[in-house]
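Enquirer: Provided below: start.cif, containing mmCIF, C-alpha atoms.
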```cif
data_final
loop_
_atom_site.label_atom_id
_atom_site.label_comp_id
_atom_site.auth_asym_id
_atom_site.auth_seq_id
_atom_site.Cartn_x
_atom_site.Cartn_y
_atom_site.Cartn_z
CA MET A 28 0.00 0.00 0.00
CA MET A 29 2.80 2.39 0.90
CA LEU A 30 4.62 1.61 -2.36
CA LYS A 31 1.45 2.29 -4.33
CA LYS A 32 1.22 5.71 -2.69
CA ALA A 33 4.88 6.38 -3.48
CA VAL A 34 4.36 5.47 -7.13
CA GLY A 35 1.29 7.66 -7.24
CA SER A 36 3.30 10.48 -5.77
CA ALA A 37 6.02 10.03 -8.35
CA ILE A 38 3.47 10.12 -11.16
CA ALA A 39 1.94 13.37 -9.98
CA LEU A 40 5.25 15.18 -9.71
CA PHE A 41 6.20 14.04 -13.19
CA ALA A 42 2.91 15.31 -14.55
CA LEU A 43 3.23 18.62 -12.73
CA SER A 44 6.79 19.05 -13.97
CA ALA A 45 5.69 18.37 -17.54
CA LEU A 46 2.99 21.00 -17.25
CA LEU A 47 5.28 23.58 -15.70
CA LEU A 48 8.04 22.99 -18.23
CA ALA A 49 5.60 23.93 -20.95
CA GLN A 50 5.81 27.43 -19.43
CA PRO A 51 2.47 28.80 -20.55
CA LYS A 52 2.10 32.54 -20.30
CA ASN A 53 -1.06 32.03 -18.31
CA LEU A 54 -1.32 29.17 -15.80
CA GLU A 55 -5.10 29.45 -16.04
CA ALA A 56 -4.69 27.94 -19.51
CA LEU A 57 -3.71 24.65 -17.81
CA LYS A 58 -6.91 24.41 -15.78
CA GLY A 59 -8.96 21.42 -16.83
CA LYS A 60 -6.26 20.02 -19.14
CA THR A 61 -5.39 16.34 -18.94
CA VAL A 62 -1.87 15.04 -18.63
CA PRO A 63 -0.89 12.43 -21.21
CA ASP A 64 -1.17 8.90 -19.84
CA PHE A 65 2.12 7.17 -18.99
CA GLN A 66 3.21 4.24 -16.88
CA LEU A 67 5.85 3.46 -14.28
CA ARG A 68 6.99 0.11 -12.92
CA ASP A 69 7.63 -0.41 -9.20
CA LEU A 70 10.45 -2.49 -7.73
CA ASP A 71 8.28 -5.62 -7.82
CA GLY A 72 7.58 -5.13 -11.52
CA LYS A 73 3.97 -4.02 -11.11
CA VAL A 74 2.97 -1.39 -13.67
CA TYR A 75 1.06 1.72 -12.61
CA ARG A 76 -0.62 3.91 -15.20
CA PHE A 77 -1.27 7.56 -14.55
CA SER A 78 -4.86 7.08 -15.69
CA GLN A 79 -5.43 4.80 -12.66
CA PHE A 80 -5.29 7.87 -10.45
CA ARG A 81 -7.72 10.06 -12.41
CA GLY A 82 -9.66 12.32 -10.08
CA LYS A 83 -7.12 11.94 -7.27
CA VAL A 84 -4.35 14.23 -6.14
CA VAL A 85 -1.02 12.70 -7.13
CA LEU A 86 2.43 13.93 -6.18
CA LEU A 87 5.38 12.67 -8.20
CA ASN A 88 8.70 12.74 -6.36
CA PHE A 89 11.99 11.73 -7.98
CA TRP A 90 14.78 11.12 -5.54
CA SER A 91 18.41 10.21 -6.04
CA PRO A 92 21.10 9.51 -3.44
CA TYR A 93 23.90 11.26 -5.33
#
```
Just give me the structure of the file as structure tokens.
Expert:
Amino acid sequence: MMLKKAVGSAIALFALSALLLAQPKNLEALKGKTVPDFQLRDLDGKVYRFSQFRGKVVLLNFWSPY
């Protein structure tokens, strides 16, 4: 369960980063837009699709030890 939340968090941050990197002149233009669907695999090999979390708040967090 905790891993599923972590994957969900990672997906949201990725989506938010993608939207922010687009650098629209007006952030209101992003309201109501959908993020393209993508998938990530957890350490056990289970695949999570971004579309699984539709309607939920998702935070995507990439972390590296270096």
Enquirer: One number please: CA of Gly72 in chain A to CA of Phe41 in chain A, in Å, one decimal.
Expert: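 A separation of 19.3 Å between them.
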Enquirer: When distances are computed from all atoms listed in the file, which of A:Val62, A:Leu57, A:Ala37, A:Leu67 shows the smallest separation from Trp90 in chain A?
Expert: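 Of A:Val62, A:Leu57, A:Ala37, A:Leu67, the one nearest Trp90 in chain A, counting all atoms listed in the file, is A:Ala37.
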Enquirer: Can you tell me how far CA of Ala56 in chain A sits from CA of Tyr75 in chain A, in Å to one decimal?
Expert: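 Separating CA of Ala56 in chain A from CA of Tyr75 in chain A is a distance of 27.7 Å.
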Enquirer: May I ask which of the residues A:Leu87, A:Asp71, A:Pro63, A:Arg81 is the closest one to Ile38 in chain A, counting only C-alpha atoms?
Expert: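 For Ile38 in chain A, the nearest of the given residues is A:Leu87.
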Enquirer: If you take every atom of range 60-70 of chain A that the file lists and fit an axis-aligned box around them with 8 Å extra on each side, what centre and edge lengths come out in Å to one decimal, as JSON?
Expert:
```
{"center_x": 2.1, "center_y": 8.8, "center_z": -14.5, "size_x": 32.7, "size_y": 38.5, "size_z": 29.5}
```
Enquirer: Quick check, in Å to one decimal: how far apart do CA of Lys83 in chain A and CA of Thr61 in chain A lie?
Expert: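 Between CA of Lys83 in chain A and CA of Thr61 in chain A the gap works out to 12.6 Å.
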Enquirer: Take the PyMOL selection byres ((chain A and resi 65) around 8), apply it to the structure above, and return the hits as a PyMOL selection string.
Expert: chain A and resi 63-64+66-67+76-78
